[in-house]
Amino acid sequence: GAEATIPVLVIGTGYGGSVAALRLAQAGVNVQMYEMGMAWDTPGSDGKIFCNTTSPDQRSYWLRTKTKQPLSNFLGFPIDKNIPRYTGILDAEEMGGIIVYQGRGVGGGSLVNGGMAVTPKRENFSAILPSVNADEMYNTYYPRANAALGVNTIDPAWFETTAAYQYARVGRKHAQRSGFPFVFVPDVYDWDYMKQEAAGTVPKSALAGEILYGNNYGKKSLQRTYIAQAKATGRVTIFPQHRVTSVAPAAGGGYNVVIEQISTSGDTVATKNVVAAKVFFAAGSVGTSKLLVKLKATGALPNLNAEVGQGWGDNGNVMCGRANHLWDPTGSLQSSIPCSGIDNWAAGGAFAEVAPLPTGIETYASFYLSITKNPNRAQFSWNAAAGKVDLNWQTAWKQPSINMAKTIFDKINAKEGTIYRTDLFGTYKIWGDHLTYHPLGGAVLNKATDNYGRLHGYPGLYVIDGSLIPGNTSVNPFVTITALAERNIEQIIATDL
Ligand code: FDA
């Protein structure tokens, strides 16, 4: 049965949800956050909260019996292995022609990501969020987000000398020899901590290859920033292992939210009903889009408009590796935290991160994740027969991304006399075109919602995560997701409370 009405319920604990919870709590509002992933605050039997990329165990993947590593092969050999089915930290969600990687747990994507905290170039902003005032974003909300996230930059002198960024220095050399701008990329990893890792004075995380399945030390995930601050207000309660399945208008006003409490094997152990005056959808681009499309189609929220489920993009993600000559080793020790990129956005539509391959051995490989100006957009729709939401993305829609990435790497290969690696994504496969780390859109700002994330048709329902952004941010997305959430929640607190 329904309990007493609570003022605000937030679905999800990633960037958007954490910003909403903190700012509402600071404004004196009590907030309940429901998160389907685990709390990730308790060490396992090895004394660590998170497992390593070199030995993924049950903690690595969300409800899978086999790992689904972004790089499926190495030197031609498949590297995935069996694991116990468990509510692990990284979801490799297969949707149509794409695998969408997402973080699961208190902190959302901040638990698993590389921490690259990039503010888009000002001149690109109007294409990213056309209805948003750029002056306000660059004067107020981007600075606010960067400060609260703890964004910092690598010490350039240390970069030049540390073995852990040999791979990035090789990446720079090759970029510059082909005339491409090489840029340092800010991060939320604590660079001073990484220096101490290199000096051997603290337990290692980035220099132990930790990434994808969590970082035990050094990375300032949301658990250490927004969520820590939110908890300190005393007004925020977080419920991990709770999955929201329905939101519908309640008879006496507000919204009835149905929540399933789940075990670590993913089974429902209890179902709860909460009535909330206001509900914030912050389940991430895929999570929020799936919920809204289902709720519209099944009659729980029939007045949502036709924009719900539209405008989804992959931020143009595509991966590739290059095979270097023997005189360009990239190092057996590689920091798992990338610190640099190659900017060919204006000329070729690609921004390529120089990414690590932290295998522990010399690979003579340079590895890159490119963010490209891929124009393709997909939509979510309700599949009544299967009782689930589908996404109509096609694998072939990555071809523009490949073409844009080639504007960088074909040129570098020609200049260096090198070739692409063909052993990382299968056998004789050059392009990692099967995945995205950066799902965006599905409930686009000023279309499915008003210009501040208020869902059309339902006062008191809001979207405040990556689903607001129409498919591309030109760089890594979480700073923009955070800054947009800061902008929207400020307006909502001022006018809707
Ligand atoms: P986010 O996905 O963070 O949070 C949503 C939360 O809601 C999740 O915790 C989820 O479990 C929960 N949820 C979903 N459905 C639910 C339901 N029904 N009930 C309850 N809870 C539910 N970006 C960047 O800027 N720099 C980088 O370096 C990287 N690197 C990177 C690496 C990898 C491996 C990944 C997977 C992603 C990145 N990203 C990144 C992307 C970045 O992490 C991502 O854009 C943000 O986390 C998205 O923030 P949101 O607030 O939209 O949702």
# chains A, B, ... in the order shown; residues from 1 in each chain; ligands from 1
call {"tool": "select_by_dssp", "arguments": {"residues": "region 251-429 of chain A", "states": "strand (DSSP E)", "output": "PyMOL selection string"}}
result
chain A and resi 255-262+268-281+318-323+340-344+350-355+365-372+380-383+388-391+419-420
call {"tool": "residues_near_ligand", "arguments": {"ligand": "ligand 1", "cutoff": "6 Å", "atoms": "only C-alpha atoms and all ligand atoms", "output": "PDB file with N, CA, C and O atoms, in the first residue's frame"}}
result
ATOM      1  N   ILE A  11      14.982   9.192  -9.451  1.00  0.00           N
ATOM      2  CA  ILE A  11      15.260   7.858 -10.000  1.00  0.00           C
ATOM      3  C   ILE A  11      16.670   7.856 -10.566  1.00  0.00           C
ATOM      4  O   ILE A  11      16.934   8.490 -11.588  1.00  0.00           O
ATOM      5  N   GLY A  12      17.596   7.171  -9.896  1.00  0.00           N
ATOM      6  CA  GLY A  12      18.974   7.096 -10.385  1.00  0.00           C
ATOM      7  C   GLY A  12      19.898   8.032  -9.632  1.00  0.00           C
ATOM      8  O   GLY A  12      19.475   9.083  -9.125  1.00  0.00           O
ATOM      9  N   THR A  13      21.154   7.635  -9.529  1.00  0.00           N
ATOM     10  CA  THR A  13      22.141   8.387  -8.736  1.00  0.00           C
ATOM     11  C   THR A  13      23.380   8.762  -9.542  1.00  0.00           C
ATOM     12  O   THR A  13      24.488   8.836  -9.013  1.00  0.00           O
ATOM     13  N   GLY A  14      23.217   8.949 -10.861  1.00  0.00           N
ATOM     14  CA  GLY A  14      24.331   9.432 -11.686  1.00  0.00           C
ATOM     15  C   GLY A  14      24.463  10.947 -11.553  1.00  0.00           C
ATOM     16  O   GLY A  14      24.071  11.537 -10.540  1.00  0.00           O
ATOM     17  N   TYR A  15      25.007  11.557 -12.594  1.00  0.00           N
ATOM     18  CA  TYR A  15      25.302  13.000 -12.530  1.00  0.00           C
ATOM     19  C   TYR A  15      24.037  13.828 -12.337  1.00  0.00           C
ATOM     20  O   TYR A  15      23.963  14.659 -11.424  1.00  0.00           O
ATOM     21  N   GLY A  16      23.044  13.618 -13.200  1.00  0.00           N
ATOM     22  CA  GLY A  16      21.834  14.432 -13.117  1.00  0.00           C
ATOM     23  C   GLY A  16      21.130  14.264 -11.786  1.00  0.00           C
ATOM     24  O   GLY A  16      20.740  15.251 -11.143  1.00  0.00           O
ATOM     25  N   TYR A  34      16.400   6.557  -5.519  1.00  0.00           N
ATOM     26  CA  TYR A  34      16.306   5.107  -5.740  1.00  0.00           C
ATOM     27  C   TYR A  34      17.267   4.711  -6.852  1.00  0.00           C
ATOM     28  O   TYR A  34      17.241   5.295  -7.939  1.00  0.00           O
ATOM     29  N   GLU A  35      18.111   3.739  -6.564  1.00  0.00           N
ATOM     30  CA  GLU A  35      19.181   3.334  -7.473  1.00  0.00           C
ATOM     31  C   GLU A  35      19.158   1.822  -7.622  1.00  0.00           C
ATOM     32  O   GLU A  35      19.243   1.091  -6.637  1.00  0.00           O
ATOM     33  N   MET A  36      19.067   1.343  -8.865  1.00  0.00           N
ATOM     34  CA  MET A  36      18.962  -0.112  -9.026  1.00  0.00           C
ATOM     35  C   MET A  36      20.285  -0.834  -8.780  1.00  0.00           C
ATOM     36  O   MET A  36      20.300  -2.015  -8.447  1.00  0.00           O
ATOM     37  N   GLY A  37      21.403  -0.121  -8.933  1.00  0.00           N
ATOM     38  CA  GLY A  37      22.695  -0.748  -8.677  1.00  0.00           C
ATOM     39  C   GLY A  37      23.039  -0.779  -7.195  1.00  0.00           C
ATOM     40  O   GLY A  37      22.272  -0.320  -6.345  1.00  0.00           O
ATOM     41  N   TYR A 101      27.309   0.741 -22.932  1.00  0.00           N
ATOM     42  CA  TYR A 101      27.944   0.529 -21.624  1.00  0.00           C
ATOM     43  C   TYR A 101      27.475   1.608 -20.657  1.00  0.00           C
ATOM     44  O   TYR A 101      27.453   2.795 -20.997  1.00  0.00           O
ATOM     45  N   GLN A 102      27.100   1.168 -19.451  1.00  0.00           N
ATOM     46  CA  GLN A 102      26.605   2.108 -18.437  1.00  0.00           C
ATOM     47  C   GLN A 102      27.012   1.645 -17.047  1.00  0.00           C
ATOM     48  O   GLN A 102      27.113   0.441 -16.800  1.00  0.00           O
ATOM     49  N   GLY A 103      27.218   2.618 -16.173  1.00  0.00           N
ATOM     50  CA  GLY A 103      27.528   2.309 -14.784  1.00  0.00           C
ATOM     51  C   GLY A 103      26.274   1.942 -14.020  1.00  0.00           C
ATOM     52  O   GLY A 103      25.207   2.495 -14.272  1.00  0.00           O
ATOM     53  N   ARG A 104      26.410   1.013 -13.072  1.00  0.00           N
ATOM     54  CA  ARG A 104      25.294   0.600 -12.218  1.00  0.00           C
ATOM     55  C   ARG A 104      25.736   0.671 -10.765  1.00  0.00           C
ATOM     56  O   ARG A 104      26.600  -0.092 -10.339  1.00  0.00           O
ATOM     57  N   GLY A 105      25.109   1.554 -10.023  1.00  0.00           N
ATOM     58  CA  GLY A 105      25.433   1.677  -8.611  1.00  0.00           C
ATOM     59  C   GLY A 105      25.275   3.115  -8.166  1.00  0.00           C
ATOM     60  O   GLY A 105      24.993   4.000  -8.983  1.00  0.00           O
ATOM     61  N   VAL A 106      25.470   3.340  -6.877  1.00  0.00           N
ATOM     62  CA  VAL A 106      25.343   4.685  -6.331  1.00  0.00           C
ATOM     63  C   VAL A 106      26.518   5.513  -6.858  1.00  0.00           C
ATOM     64  O   VAL A 106      27.667   5.287  -6.470  1.00  0.00           O
ATOM     65  N   GLY A 107      26.201   6.415  -7.752  1.00  0.00           N
ATOM     66  CA  GLY A 107      27.225   7.173  -8.479  1.00  0.00           C
ATOM     67  C   GLY A 107      27.114   6.993  -9.986  1.00  0.00           C
ATOM     68  O   GLY A 107      27.784   7.688 -10.744  1.00  0.00           O
ATOM     69  N   GLY A 108      26.301   6.053 -10.430  1.00  0.00           N
ATOM     70  CA  GLY A 108      26.043   5.872 -11.861  1.00  0.00           C
ATOM     71  C   GLY A 108      27.330   5.716 -12.664  1.00  0.00           C
ATOM     72  O   GLY A 108      28.261   5.018 -12.256  1.00  0.00           O
ATOM     73  N   GLY A 109      27.383   6.413 -13.799  1.00  0.00           N
ATOM     74  CA  GLY A 109      28.533   6.302 -14.688  1.00  0.00           C
ATOM     75  C   GLY A 109      29.831   6.769 -14.072  1.00  0.00           C
ATOM     76  O   GLY A 109      30.921   6.370 -14.523  1.00  0.00           O
ATOM     77  N   SER A 110      29.758   7.581 -13.016  1.00  0.00           N
ATOM     78  CA  SER A 110      31.005   8.090 -12.411  1.00  0.00           C
ATOM     79  C   SER A 110      31.819   6.969 -11.775  1.00  0.00           C
ATOM     80  O   SER A 110      33.014   7.128 -11.535  1.00  0.00           O
ATOM     81  N   VAL A 112      32.414   3.988 -13.154  1.00  0.00           N
ATOM     82  CA  VAL A 112      33.110   3.159 -14.149  1.00  0.00           C
ATOM     83  C   VAL A 112      33.888   3.972 -15.166  1.00  0.00           C
ATOM     84  O   VAL A 112      34.719   3.418 -15.892  1.00  0.00           O
ATOM     85  N   ASN A 113      33.613   5.266 -15.261  1.00  0.00           N
ATOM     86  CA  ASN A 113      34.154   6.021 -16.396  1.00  0.00           C
ATOM     87  C   ASN A 113      35.604   6.443 -16.181  1.00  0.00           C
ATOM     88  O   ASN A 113      36.185   6.232 -15.126  1.00  0.00           O
ATOM     89  N   GLY A 114      36.160   7.043 -17.245  1.00  0.00           N
ATOM     90  CA  GLY A 114      37.556   7.464 -17.218  1.00  0.00           C
ATOM     91  C   GLY A 114      37.771   8.793 -16.527  1.00  0.00           C
ATOM     92  O   GLY A 114      38.907   9.253 -16.410  1.00  0.00           O
ATOM     93  N   GLY A 115      36.677   9.430 -16.107  1.00  0.00           N
ATOM     94  CA  GLY A 115      36.803  10.680 -15.376  1.00  0.00           C
ATOM     95  C   GLY A 115      37.178  11.880 -16.236  1.00  0.00           C
ATOM     96  O   GLY A 115      37.403  12.973 -15.713  1.00  0.00           O
ATOM     97  N   MET A 116      37.248  11.675 -17.560  1.00  0.00           N
ATOM     98  CA  MET A 116      37.632  12.798 -18.426  1.00  0.00           C
ATOM     99  C   MET A 116      36.543  13.846 -18.382  1.00  0.00           C
ATOM    100  O   MET A 116      35.389  13.586 -18.725  1.00  0.00           O
ATOM    101  N   ALA A 117      36.925  15.031 -17.950  1.00  0.00           N
ATOM    102  CA  ALA A 117      35.957  16.076 -17.616  1.00  0.00           C
ATOM    103  C   ALA A 117      36.157  17.246 -18.562  1.00  0.00           C
ATOM    104  O   ALA A 117      36.908  18.172 -18.289  1.00  0.00           O
ATOM    105  N   LEU A 212      36.789   0.883 -15.737  1.00  0.00           N
ATOM    106  CA  LEU A 212      35.633   0.100 -16.203  1.00  0.00           C
ATOM    107  C   LEU A 212      34.865  -0.572 -15.073  1.00  0.00           C
ATOM    108  O   LEU A 212      33.648  -0.600 -15.084  1.00  0.00           O
ATOM    109  N   HIS A 242      17.320  -0.814  -5.677  1.00  0.00           N
ATOM    110  CA  HIS A 242      15.903  -0.513  -5.836  1.00  0.00           C
ATOM    111  C   HIS A 242      15.674   0.004  -7.252  1.00  0.00           C
ATOM    112  O   HIS A 242      16.224   1.040  -7.632  1.00  0.00           O
ATOM    113  N   ARG A 243      14.857  -0.726  -7.991  1.00  0.00           N
ATOM    114  CA  ARG A 243      14.617  -0.388  -9.398  1.00  0.00           C
ATOM    115  C   ARG A 243      13.205   0.170  -9.549  1.00  0.00           C
ATOM    116  O   ARG A 243      12.232  -0.494  -9.172  1.00  0.00           O
ATOM    117  N   VAL A 244      13.110   1.374 -10.094  1.00  0.00           N
ATOM    118  CA  VAL A 244      11.791   1.981 -10.325  1.00  0.00           C
ATOM    119  C   VAL A 244      11.184   1.367 -11.577  1.00  0.00           C
ATOM    120  O   VAL A 244      11.840   1.293 -12.622  1.00  0.00           O
ATOM    121  N   THR A 245       9.937   0.912 -11.482  1.00  0.00           N
ATOM    122  CA  THR A 245       9.292   0.289 -12.634  1.00  0.00           C
ATOM    123  C   THR A 245       8.087   1.065 -13.132  1.00  0.00           C
ATOM    124  O   THR A 245       7.657   0.870 -14.260  1.00  0.00           O
ATOM    125  N   ALA A 282      16.276  10.450 -13.580  1.00  0.00           N
ATOM    126  CA  ALA A 282      17.730  10.612 -13.705  1.00  0.00           C
ATOM    127  C   ALA A 282      18.362   9.232 -13.852  1.00  0.00           C
ATOM    128  O   ALA A 282      19.419   8.947 -13.304  1.00  0.00           O
ATOM    129  N   ALA A 283      17.684   8.373 -14.617  1.00  0.00           N
ATOM    130  CA  ALA A 283      18.122   6.980 -14.782  1.00  0.00           C
ATOM    131  C   ALA A 283      19.093   6.829 -15.948  1.00  0.00           C
ATOM    132  O   ALA A 283      19.398   5.714 -16.365  1.00  0.00           O
ATOM    133  N   GLY A 284      19.595   7.959 -16.461  1.00  0.00           N
ATOM    134  CA  GLY A 284      20.499   7.939 -17.600  1.00  0.00           C
ATOM    135  C   GLY A 284      19.717   7.930 -18.906  1.00  0.00           C
ATOM    136  O   GLY A 284      18.501   7.679 -18.920  1.00  0.00           O
ATOM    137  N   SER A 285      20.414   8.224 -19.996  1.00  0.00           N
ATOM    138  CA  SER A 285      19.734   8.330 -21.299  1.00  0.00           C
ATOM    139  C   SER A 285      18.905   7.088 -21.597  1.00  0.00           C
ATOM    140  O   SER A 285      17.727   7.186 -21.969  1.00  0.00           O
ATOM    141  N   GLY A 287      18.047   4.526 -19.433  1.00  0.00           N
ATOM    142  CA  GLY A 287      17.120   4.197 -18.353  1.00  0.00           C
ATOM    143  C   GLY A 287      15.898   5.095 -18.342  1.00  0.00           C
ATOM    144  O   GLY A 287      14.752   4.621 -18.234  1.00  0.00           O
ATOM    145  N   TYR A 437      30.008   4.375 -25.109  1.00  0.00           N
ATOM    146  CA  TYR A 437      30.107   4.689 -23.678  1.00  0.00           C
ATOM    147  C   TYR A 437      29.253   5.920 -23.349  1.00  0.00           C
ATOM    148  O   TYR A 437      29.107   6.258 -22.182  1.00  0.00           O
ATOM    149  N   HIS A 438      28.764   6.604 -24.375  1.00  0.00           N
ATOM    150  CA  HIS A 438      28.174   7.929 -24.200  1.00  0.00           C
ATOM    151  C   HIS A 438      26.750   8.022 -24.747  1.00  0.00           C
ATOM    152  O   HIS A 438      26.481   8.816 -25.640  1.00  0.00           O
ATOM    153  N   ASP A 465      18.896  14.316 -16.779  1.00  0.00           N
ATOM    154  CA  ASP A 465      20.106  13.510 -17.028  1.00  0.00           C
ATOM    155  C   ASP A 465      20.486  13.603 -18.499  1.00  0.00           C
ATOM    156  O   ASP A 465      19.996  14.478 -19.225  1.00  0.00           O
ATOM    157  N   GLY A 466      21.330  12.679 -18.942  1.00  0.00           N
ATOM    158  CA  GLY A 466      21.837  12.721 -20.311  1.00  0.00           C
ATOM    159  C   GLY A 466      20.780  12.549 -21.383  1.00  0.00           C
ATOM    160  O   GLY A 466      21.049  12.840 -22.559  1.00  0.00           O
ATOM    161  N   ASN A 476      33.606  14.365 -24.338  1.00  0.00           N
ATOM    162  CA  ASN A 476      33.022  13.470 -23.337  1.00  0.00           C
ATOM    163  C   ASN A 476      31.892  14.211 -22.616  1.00  0.00           C
ATOM    164  O   ASN A 476      32.010  15.392 -22.331  1.00  0.00           O
ATOM    165  N   PRO A 477      30.821  13.507 -22.271  1.00  0.00           N
ATOM    166  CA  PRO A 477      29.587  14.245 -21.926  1.00  0.00           C
ATOM    167  C   PRO A 477      29.337  14.647 -20.480  1.00  0.00           C
ATOM    168  O   PRO A 477      28.477  15.493 -20.229  1.00  0.00           O
ATOM    169  N   PHE A 478      30.032  14.064 -19.467  1.00  0.00           N
ATOM    170  CA  PHE A 478      29.448  14.249 -18.133  1.00  0.00           C
ATOM    171  C   PHE A 478      29.525  15.665 -17.578  1.00  0.00           C
ATOM    172  O   PHE A 478      28.689  16.043 -16.761  1.00  0.00           O
ATOM    173  N   VAL A 479      30.498  16.469 -18.014  1.00  0.00           N
ATOM    174  CA  VAL A 479      30.528  17.854 -17.528  1.00  0.00           C
ATOM    175  C   VAL A 479      29.315  18.620 -18.059  1.00  0.00           C
ATOM    176  O   VAL A 479      28.692  19.413 -17.338  1.00  0.00           O
TER     177      VAL A 479
END
call {"tool": "residues_around", "arguments": {"residues": "Arg23 (chain A)", "least_positions_apart": "5", "cutoff": "10 Å", "atoms": "only C-alpha atoms", "output": "list in words"}}
result
Ser18, Gly28, Val29, Tyr226, Gln229, Ala230, Ala485, Glu486, Ile489, Glu490 and Ile493 of chain A
call {"tool": "write_last_selection", "arguments": {"atoms": "N, CA, C and O atoms", "output": "PDB file, in the first residue's frame"}}
result
ATOM      1  N   SER A  18      22.344  13.263  -8.923  1.00  0.00           N
ATOM      2  CA  SER A  18      23.131  13.761  -7.786  1.00  0.00           C
ATOM      3  C   SER A  18      23.072  15.274  -7.677  1.00  0.00           C
ATOM      4  O   SER A  18      22.999  15.830  -6.576  1.00  0.00           O
ATOM      5  N   GLY A  28      16.445  22.909   1.325  1.00  0.00           N
ATOM      6  CA  GLY A  28      15.588  22.525   2.446  1.00  0.00           C
ATOM      7  C   GLY A  28      14.583  21.432   2.146  1.00  0.00           C
ATOM      8  O   GLY A  28      13.690  21.173   2.950  1.00  0.00           O
ATOM      9  N   VAL A  29      14.732  20.783   0.997  1.00  0.00           N
ATOM     10  CA  VAL A  29      13.768  19.755   0.594  1.00  0.00           C
ATOM     11  C   VAL A  29      14.329  18.371   0.906  1.00  0.00           C
ATOM     12  O   VAL A  29      15.492  18.092   0.633  1.00  0.00           O
ATOM     13  N   TYR A 226      29.412  15.176  -5.237  1.00  0.00           N
ATOM     14  CA  TYR A 226      28.010  15.579  -5.058  1.00  0.00           C
ATOM     15  C   TYR A 226      27.276  14.711  -4.037  1.00  0.00           C
ATOM     16  O   TYR A 226      26.518  15.213  -3.211  1.00  0.00           O
ATOM     17  N   GLN A 229      28.326  15.343  -0.439  1.00  0.00           N
ATOM     18  CA  GLN A 229      27.763  16.624   0.011  1.00  0.00           C
ATOM     19  C   GLN A 229      26.264  16.502   0.267  1.00  0.00           C
ATOM     20  O   GLN A 229      25.742  17.078   1.217  1.00  0.00           O
ATOM     21  N   ALA A 230      25.594  15.764  -0.616  1.00  0.00           N
ATOM     22  CA  ALA A 230      24.143  15.614  -0.461  1.00  0.00           C
ATOM     23  C   ALA A 230      23.819  14.880   0.837  1.00  0.00           C
ATOM     24  O   ALA A 230      22.940  15.281   1.596  1.00  0.00           O
ATOM     25  N   ALA A 485      22.254  20.104 -15.648  1.00  0.00           N
ATOM     26  CA  ALA A 485      21.454  19.794 -14.454  1.00  0.00           C
ATOM     27  C   ALA A 485      21.524  20.939 -13.449  1.00  0.00           C
ATOM     28  O   ALA A 485      20.514  21.307 -12.841  1.00  0.00           O
ATOM     29  N   GLU A 486      22.713  21.534 -13.286  1.00  0.00           N
ATOM     30  CA  GLU A 486      22.854  22.689 -12.378  1.00  0.00           C
ATOM     31  C   GLU A 486      21.960  23.846 -12.844  1.00  0.00           C
ATOM     32  O   GLU A 486      21.290  24.495 -12.041  1.00  0.00           O
ATOM     33  N   ILE A 489      18.082  22.764 -12.365  1.00  0.00           N
ATOM     34  CA  ILE A 489      17.586  22.644 -10.991  1.00  0.00           C
ATOM     35  C   ILE A 489      17.500  24.021 -10.331  1.00  0.00           C
ATOM     36  O   ILE A 489      16.606  24.272  -9.511  1.00  0.00           O
ATOM     37  N   GLU A 490      18.409  24.924 -10.707  1.00  0.00           N
ATOM     38  CA  GLU A 490      18.338  26.271 -10.148  1.00  0.00           C
ATOM     39  C   GLU A 490      16.999  26.934 -10.510  1.00  0.00           C
ATOM     40  O   GLU A 490      16.333  27.536  -9.671  1.00  0.00           O
ATOM     41  N   ILE A 493      14.069  25.080  -8.660  1.00  0.00           N
ATOM     42  CA  ILE A 493      13.989  25.465  -7.241  1.00  0.00           C
ATOM     43  C   ILE A 493      13.404  26.866  -7.110  1.00  0.00           C
ATOM     44  O   ILE A 493      12.568  27.139  -6.238  1.00  0.00           O
TER      45      ILE A 493
END
call {"tool": "residues_around", "arguments": {"residues": "Ala443 (chain A)", "least_positions_apart": "4", "cutoff": "9 Å", "atoms": "only C-alpha atoms", "output": "list in words"}}
result
Ser285, Thr288, Ser289, Leu292, Glu307, Val308, Gly309, Gln310, Gly311, Trp312, Lys447, Ala448, Thr449, Gly453, Leu455, Val463, Gly466, Ser467, Leu468, Ile469 and Pro470 of chain A
call {"tool": "residues_around", "arguments": {"residues": "Ser72 (chain A)", "least_positions_apart": "4", "cutoff": "10 Å", "atoms": "only C-alpha atoms", "output": "list in words"}}
result
Thr67, Lys68, Gly76, Phe77, Pro78, Ile79, Asp80, Asp423, Leu424, Phe425, Gly426, Thr427 and Gly432 of chain A
call {"tool": "write_last_selection", "arguments": {"atoms": "all heavy atoms", "output": "short mmCIF file (atom, residue, chain, number, x, y, z; two decimals), in the first residue's frame"}}
result
data_model
loop_
_atom_site.label_atom_id
_atom_site.label_comp_id
_atom_site.auth_asym_id
_atom_site.auth_seq_id
_atom_site.Cartn_x
_atom_site.Cartn_y
_atom_site.Cartn_z
N THR A 67 31.86 -12.10 -19.07
CA THR A 67 32.23 -10.70 -19.27
C THR A 67 31.97 -10.30 -20.71
O THR A 67 31.90 -11.14 -21.62
CB THR A 67 33.72 -10.45 -18.93
OG1 THR A 67 34.54 -11.16 -19.87
CG2 THR A 67 34.06 -10.87 -17.51
N LYS A 68 31.79 -9.00 -20.93
CA LYS A 68 31.55 -8.47 -22.28
C LYS A 68 32.48 -7.28 -22.41
O LYS A 68 32.09 -6.12 -22.31
CB LYS A 68 30.07 -8.06 -22.39
CG LYS A 68 29.62 -7.67 -23.78
CD LYS A 68 29.13 -8.86 -24.54
CE LYS A 68 28.80 -8.49 -25.98
NZ LYS A 68 28.65 -9.69 -26.82
N GLY A 76 44.34 -11.60 -31.32
CA GLY A 76 43.50 -12.58 -32.00
C GLY A 76 42.74 -13.51 -31.06
O GLY A 76 41.86 -14.24 -31.50
N PHE A 77 43.06 -13.47 -29.76
CA PHE A 77 42.40 -14.40 -28.84
C PHE A 77 41.24 -13.71 -28.12
O PHE A 77 41.41 -12.61 -27.62
CB PHE A 77 43.39 -14.92 -27.79
CG PHE A 77 44.46 -15.77 -28.37
CD1 PHE A 77 45.74 -15.25 -28.59
CD2 PHE A 77 44.21 -17.09 -28.72
CE1 PHE A 77 46.74 -16.02 -29.14
CE2 PHE A 77 45.21 -17.87 -29.27
CZ PHE A 77 46.48 -17.33 -29.48
N PRO A 78 40.09 -14.38 -28.04
CA PRO A 78 38.99 -13.82 -27.24
C PRO A 78 39.40 -13.79 -25.76
O PRO A 78 40.04 -14.74 -25.29
CB PRO A 78 37.84 -14.81 -27.45
CG PRO A 78 38.25 -15.76 -28.50
CD PRO A 78 39.74 -15.69 -28.62
N ILE A 79 39.06 -12.70 -25.07
CA ILE A 79 39.51 -12.60 -23.68
C ILE A 79 38.36 -12.62 -22.68
O ILE A 79 38.60 -12.55 -21.48
CB ILE A 79 40.37 -11.33 -23.47
CG1 ILE A 79 39.61 -10.09 -23.92
CG2 ILE A 79 41.70 -11.45 -24.20
CD1 ILE A 79 40.38 -8.78 -23.66
N ASP A 80 37.12 -12.75 -23.16
CA ASP A 80 36.02 -12.78 -22.20
C ASP A 80 36.01 -14.10 -21.43
O ASP A 80 36.46 -15.13 -21.92
CB ASP A 80 34.68 -12.55 -22.92
CG ASP A 80 34.48 -11.08 -23.23
OD1 ASP A 80 34.70 -10.27 -22.33
OD2 ASP A 80 34.14 -10.75 -24.39
N ASP A 423 43.37 -6.88 -34.35
CA ASP A 423 43.20 -8.00 -33.40
C ASP A 423 42.47 -7.62 -32.12
O ASP A 423 42.42 -8.41 -31.19
CB ASP A 423 44.58 -8.55 -33.02
CG ASP A 423 45.41 -7.51 -32.28
OD1 ASP A 423 45.28 -6.31 -32.61
OD2 ASP A 423 46.16 -7.87 -31.36
N LEU A 424 41.87 -6.41 -32.06
CA LEU A 424 41.33 -5.94 -30.78
C LEU A 424 39.82 -6.16 -30.65
O LEU A 424 39.31 -6.29 -29.55
CB LEU A 424 41.65 -4.45 -30.59
CG LEU A 424 43.14 -4.11 -30.59
CD1 LEU A 424 43.33 -2.59 -30.55
CD2 LEU A 424 43.86 -4.76 -29.41
N PHE A 425 39.13 -6.19 -31.75
CA PHE A 425 37.66 -6.28 -31.70
C PHE A 425 37.15 -7.55 -32.36
O PHE A 425 35.96 -7.64 -32.67
CB PHE A 425 37.05 -5.05 -32.38
CG PHE A 425 37.55 -3.76 -31.81
CD1 PHE A 425 38.45 -2.97 -32.52
CD2 PHE A 425 37.17 -3.35 -30.54
CE1 PHE A 425 38.94 -1.79 -31.99
CE2 PHE A 425 37.65 -2.17 -30.00
CZ PHE A 425 38.54 -1.39 -30.73
N GLY A 426 38.02 -8.51 -32.57
CA GLY A 426 37.64 -9.72 -33.28
C GLY A 426 38.85 -10.10 -34.13
O GLY A 426 39.96 -9.65 -33.87
N THR A 427 38.61 -10.89 -35.15
CA THR A 427 39.70 -11.27 -36.02
C THR A 427 39.63 -10.44 -37.29
O THR A 427 38.60 -10.41 -37.95
CB THR A 427 39.59 -12.78 -36.35
OG1 THR A 427 39.30 -13.47 -35.14
CG2 THR A 427 40.89 -13.30 -36.92
N GLY A 432 36.19 -0.55 -33.77
CA GLY A 432 35.28 -0.86 -32.67
C GLY A 432 34.03 0.00 -32.87
O GLY A 432 33.92 1.10 -32.34
#
call {"tool": "residues_around", "arguments": {"residues": "Ala198 (chain A)", "least_positions_apart": "2", "cutoff": "9 Å", "atoms": "only C-alpha atoms", "output": "VMD selection string"}}
result
chain A and resid 162 to 164 193 to 196 200 to 202 204 207
call {"tool": "atom_distance", "arguments": {"atom1": "CA of Val475 (chain A)", "atom2": "CA of Thr153 (chain A)"}}
result
16.2 Å
call {"tool": "residues_around", "arguments": {"residues": "Thr119 (chain A)", "least_positions_apart": "2", "cutoff": "12 Å", "atoms": "only C-alpha atoms", "output": "MDAnalysis selection string"}}
result
chainID A and resid 116:117 121:125 128 137:138 141:146 151 185:187 473:484
call {"tool": "closest_residue", "arguments": {"among": "A:Ala206, A:Ala25, A:Thr264, A:Ala405", "to": "Arg64 (chain A)", "atoms": "only C-alpha atoms"}}
result
A:Thr264
call {"tool": "atom_distance", "arguments": {"atom1": "CA of Asn152 (chain A)", "atom2": "CA of Pro70 (chain A)"}}
result
26.8 Å
call {"tool": "closest_residue", "arguments": {"among": "A:Thr422, A:Asn403, A:Asn383, A:Ser221", "to": "Gly316 (chain A)", "atoms": "only C-alpha atoms"}}
result
A:Asn403
